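Take a look at the structure below.
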Amino acid sequence: MVEITADNSDVMHALDSRVHRRGERRDFFKAMMTAGAVGTAGLMLADRAAAQTAAPTDADVLNFALNLEYLEANFYYYAAFGTPIPVASIGTGGVPTNSLALNAGARAVSFSDRAVANYAREIARDELAHVNFLRTALGGAAVAQPQLDLGITPTGAFSNAARAAGFLAAAPATGAPTDFFDPYANDLNFLYGAFIFEDVGVTAYKGASPLLTNKNYLDAAAGILAAEAYHAAIVRTAIDRMGAMPGLLAARPGGTGRTIRDDTEAVSNARDTLDGTTAQAGPPQLFADDDQGLAQTTTGVGLTSNIVPTDSNGIAYSRSTGQTLNIVYLTPYNESRGGFFPNGVNGTIRTASGSARPAAT
Amino acid sequence: MIDQETIDECLAINARRRAARRHFIKTSAGAIVAAGGLSALSACGDDGENESSPPSPPTSSLPTATANDVAILNLALNLEYLEANYYSFGAFGSGLNATLATGQGTQGTVTGGRAVTFTDATVAAYIREIAADENAHVLFLRSQLGSSAVAQPAINIDGSATGAFTAAARSAGVVSGSGTFDPYASQDNFLLGAVLLTDVGVTAYKGAARLIDSKVFLEASAGILAVEAYHSGLLRTLLYRRGLETDAIFTQFGQISDARDRLDGTGQAFYSGAAQADQDQNIRPQIVGGLEQSNLVPADDNGVVYGRTAGQVLNIAYLNAGTAGVTQGGFFPNGVNGTIRASTIGAA
């Protein structure tokens, strides 16, 4: 229990504002019902086949985002509180994360740094709020929670992502790997797990912003985009604080001298490899190289950090929906499942970018 | 103080290098090289990296901006002038290059601003990064607006007894009615001054998103919104850790937040239509469900970050409460340039 030493008026104010904000959410429900901006019936009638070729509807885009929020919310909930998100938030037919053997090992992190524990709890509640908000906005059209892989098994998504970044040895030519990455083991591993997702969420929302047609959804999505950027900044700043220390790569053969900042570059490299090299003027505007770690630069004006991944105009990157799926499916190919979503995401937007996987030889 | 030419050159190289870095790292035959570890060869740290061949950014075909979009982007440009000067002075002891100050409207000068002596090298590195980003935002918006870009208006970022920061701090109660708040006097002060401005930038871009006509500008604006949120998240994270050590930081942060809330009156969550009297939040730890958590993201109960209307943003920038139609004051002594320049009604 932490004591709040300052004047209690701030605490009371915060509590009051939380109550007030819950009131706002009820207002939102009412507004959605009366305005019928996304009528449930209308969405249920959406033509799935057409959605693949025509521009996606707002409901398609919001459902796409909802899948990503399910992923983030469950990860942070496990890390912060030791449980998946409440069953009430996963929808009819949703797959409870703790019903799957592959989620073995997902658990509360025993944080050593009070500040990092505080961040985890704040972000967990934000991500659950995003899930609930999107589910409410979509009403009966909301997709249920798909299967998620947030465990620590050697062939699970976190271990495979860590393998792609070089934190683990390459998988053996025959047989399954036995080493694994545990994002719940300690503060740093947790931050790495979060780092894998957070910048991707920012680029996904930014890339989707020109797809939304309803101005109310755009207003809300811009606010969620900003929240994801805040989260990404928190995670990156927390990692950067330890940036000069030896990292996970330092423990690998030949890794002497590698720092935690180098580790983040390795994760960034892996994401860049997965999401391909498409460049287009857009919208969305895509760059061949759309991801950055925390490596510092030194110029005549002095050491400069890289908390914010931006292009040369000081603008955050976009990812297409397909590129976003490349990363969460952990595949460079145009597949519809894998990685953190073993059965794929739910909804009409579910195929990653890229070419077909080459036939096995 | 570093000369202006060096600063401009370095900022430009920084921008190119950040875009090129990944390319460089990937082409170094598997060797993961931190660019910062390479030795500096020139005034600007030309480390021999092949900066002439960064991956070419795709060029957007520039849409013909509607008058509405020009007005919105120009208001954003005024805010970027303010931020760019503040961070450039704090980081380098020098403001935005005068060649970037020209344009439509009345060009003004910058009052105040000086280099900060940072006690932590990492914090100094963060402020240089933010300065480079804000400089890039000014360049980008000016390039998009072309001849429609507004000039830099008169800006007051002074830390003296008569400066805008002192006026803001007195009104917030951070200092007494006769006290002085100098954001350049210490690292903590500079971070508080920075967050005062940057949090407002986030809400301004968020509030504008639904109003932009062009999809190209919308996406670019969303990208700047994200970057401002990264900056704000960085600053709030730094101040949070400071506050856990020294509680006065939380108190001061809360006073600044409350002052912004008083200045901007009652706003609205446009996506729901709900009125929002409180669109600003302190970072102080909260106990939720018996557990302590931070409050680094200024968001409503849906986890949606707050937005402000242009008028509300100007209420804060002009340090004006309670009066609609005010067109100058505070950080912009002669007002902003462009067609959106009036405050809305503030709190009574």
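We label chains A, B, ... in the order they appear in the structure tokens, count residues from 1 in each chain, and number ligands from 1 in the order shown.
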Closest atom pairs, residues of chain A within 6 Å of chain B, only C-alpha atoms, as a Markdown table:
| residue | atom | partner | partner_atom | distance |
| --- | --- | --- | --- | --- |
| A:Arg21 | CA | B:Asp301 | CA | 4.9 |
| A:Arg22 | CA | B:Asp301 | CA | 5.8 |
| A:Glu24 | CA | B:Ala274 | CA | 5.8 |
| A:Phe28 | CA | B:Ser272 | CA | 4.5 |
| A:Ala31 | CA | B:Ser272 | CA | 5.9 |
| A:Asn118 | CA | B:Gln293 | CA | 4.0 |
| A:Tyr119 | CA | B:Ser294 | CA | 5.7 |
| A:Arg121 | CA | B:Gln293 | CA | 5.6 |
| A:Glu122 | CA | B:Gln293 | CA | 5.5 |
| A:Asp126 | CA | B:Gly303 | CA | 5.0 |
| A:Ala129 | CA | B:Asn302 | CA | 5.0 |
| A:His130 | CA | B:Gly303 | CA | 5.8 |
| A:Phe133 | CA | B:Asn302 | CA | 5.7 |
| A:Pro210 | CA | B:Lys215 | CA | 5.4 |
| A:Lys215 | CA | B:Arg210 | CA | 5.4 |
| A:Asn216 | CA | B:Tyr271 | CA | 4.1 |
| A:Leu218 | CA | B:Arg210 | CA | 5.9 |
| A:Asp219 | CA | B:Arg210 | CA | 5.4 |
| A:Ala220 | CA | B:Tyr271 | CA | 5.6 |
| A:Ala222 | CA | B:Lys206 | CA | 5.9 |
| A:Gly223 | CA | B:Val305 | CA | 4.4 |
| A:Ile224 | CA | B:Val304 | CA | 5.0 |
| A:Ala226 | CA | B:Ala226 | CA | 5.4 |
| A:Ala227 | CA | B:Val305 | CA | 5.8 |
| A:Ala229 | CA | B:Tyr230 | CA | 5.2 |
| A:Tyr230 | CA | B:Gly233 | CA | 4.6 |
| A:Ala233 | CA | B:Tyr230 | CA | 4.9 |
| A:Ile234 | CA | B:Gly233 | CA | 5.8 |
| A:Gln280 | CA | B:Pro58 | CA | 5.5 |
| A:Ala281 | CA | B:Ser60 | CA | 4.6 |
| A:Pro283 | CA | B:Val216 | CA | 5.9 |
| A:Ala295 | CA | B:Ala34 | CA | 5.5 |
| A:Gln296 | CA | B:Gly36 | CA | 4.9 |
| A:Thr297 | CA | B:Gly36 | CA | 3.8 |
| A:Thr298 | CA | B:Gly36 | CA | 5.0 |
| A:Thr299 | CA | B:Gly45 | CA | 4.2 |
| A:Gly300 | CA | B:Cys44 | CA | 4.0 |
| A:Leu303 | CA | B:Ala125 | CA | 5.3 |
| A:Thr304 | CA | B:Ala125 | CA | 4.3 |
| A:Ser305 | CA | B:Ala125 | CA | 5.1 |
| A:Asp311 | CA | B:Ala19 | CA | 5.3 |
| A:Ser312 | CA | B:Ala15 | CA | 4.6 |
| A:Asn313 | CA | B:Ala136 | CA | 5.1 |
| A:Gly314 | CA | B:Asp133 | CA | 4.8 |
| A:Ile315 | CA | B:Gly223 | CA | 4.9 |
| A:Ala316 | CA | B:Gly223 | CA | 4.6 |
Could you list, with a cut-off of 10 Å and counting only C-alpha atoms, the residues of segment 220-273 of chain A near segment 153-171 of chain A, each shown with its nearest atom pair and the distance in Å rounded to one decimal, rows sorted by chain and ascending number, as JSON lines?
{"residue": "A:Gly247", "atom": "CA", "partner": "A:Phe167", "partner_atom": "CA", "distance": 9.1}
{"residue": "A:Leu248", "atom": "CA", "partner": "A:Phe167", "partner_atom": "CA", "distance": 5.7}
{"residue": "A:Leu249", "atom": "CA", "partner": "A:Phe167", "partner_atom": "CA", "distance": 5.5}
{"residue": "A:Ala250", "atom": "CA", "partner": "A:Phe167", "partner_atom": "CA", "distance": 8.9}
{"residue": "A:Ala251", "atom": "CA", "partner": "A:Phe167", "partner_atom": "CA", "distance": 8.3}
{"residue": "A:Arg252", "atom": "CA", "partner": "A:Phe167", "partner_atom": "CA", "distance": 7.1}
{"residue": "A:Pro253", "atom": "CA", "partner": "A:Ala169", "partner_atom": "CA", "distance": 9.1}
{"residue": "A:Asp263", "atom": "CA", "partner": "A:Ala165", "partner_atom": "CA", "distance": 7.8}
{"residue": "A:Thr264", "atom": "CA", "partner": "A:Ala165", "partner_atom": "CA", "distance": 8.7}
{"residue": "A:Glu265", "atom": "CA", "partner": "A:Ala165", "partner_atom": "CA", "distance": 8.6}
{"residue": "A:Ala266", "atom": "CA", "partner": "A:Ala165", "partner_atom": "CA", "distance": 5.0}
{"residue": "A:Val267", "atom": "CA", "partner": "A:Ala165", "partner_atom": "CA", "distance": 5.0}
{"residue": "A:Ser268", "atom": "CA", "partner": "A:Ala165", "partner_atom": "CA", "distance": 8.1}
{"residue": "A:Asn269", "atom": "CA", "partner": "A:Ala165", "partner_atom": "CA", "distance": 7.3}
{"residue": "A:Ala270", "atom": "CA", "partner": "A:Ala165", "partner_atom": "CA", "distance": 5.6}
{"residue": "A:Arg271", "atom": "CA", "partner": "A:Ala165", "partner_atom": "CA", "distance": 8.7}
{"residue": "A:Thr273", "atom": "CA", "partner": "A:Ala164", "partner_atom": "CA", "distance": 9.4}
Quiz item: Which residues come within 7 Å of Gly82 of chain A, counting only C-alpha atoms, excluding same-chain residues fewer than 5 positions away, as number ranges by chain?
Solution: A: 77, 107-108
Residue contacts of Val109 of chain A (7 Å, only C-alpha atoms) excluding same-chain residues fewer than 5 positions away, as a JSON list (two decimals) with C-alpha atoms, in the first residue's frame:
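Everything below was put into out_28.json:
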[["chain", "number", "residue", "atom", "x", "y", "z"],
["A", 79, "ALA", "CA", 1.31, -8.89, -16.14],
["A", 80, "ALA", "CA", -0.37, -6.38, -13.82],
["A", 184, "TYR", "CA", 6.53, -12.18, -17.09],
["A", 185, "ALA", "CA", 9.88, -13.02, -15.54],
["A", 186, "ASN", "CA", 11.01, -9.53, -14.52]]
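Among the candidates B:Ser147, B:Asn320, B:Gln152, B:Thr102, the one nearest to Tyr81 of chain B when counting only C-alpha atoms is B:Gln152.
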Quiz item: Suppose you want the space between atom CA of Gly338 of chain B and atom CA of Thr310 of chain A; what is it in Å?
Solution: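 Between atom CA of Gly338 of chain B and atom CA of Thr310 of chain A the gap is 27.6 Å.
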Exercise. Write out as a PyMOL selection string all residues of segment 21-267 of chain A that backbone DSSP assigns to helix (DSSP H, G or I).
Key: chain A and resi 21-35+40-44+48-53+58-81+87-89+97-99+101-103+114-141+157-165+187-211+215-240+249-251+260-267
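Residues of segment 121-327 of chain B that DSSP, applied to the backbone, places in strand (DSSP E): Ile155, Asn156, Gly267, Gln268, Ala269, Ala274, Ala275, Gln276, Gln286, Ile287, Val288, Leu291, Glu292 and Gln293 of chain B.
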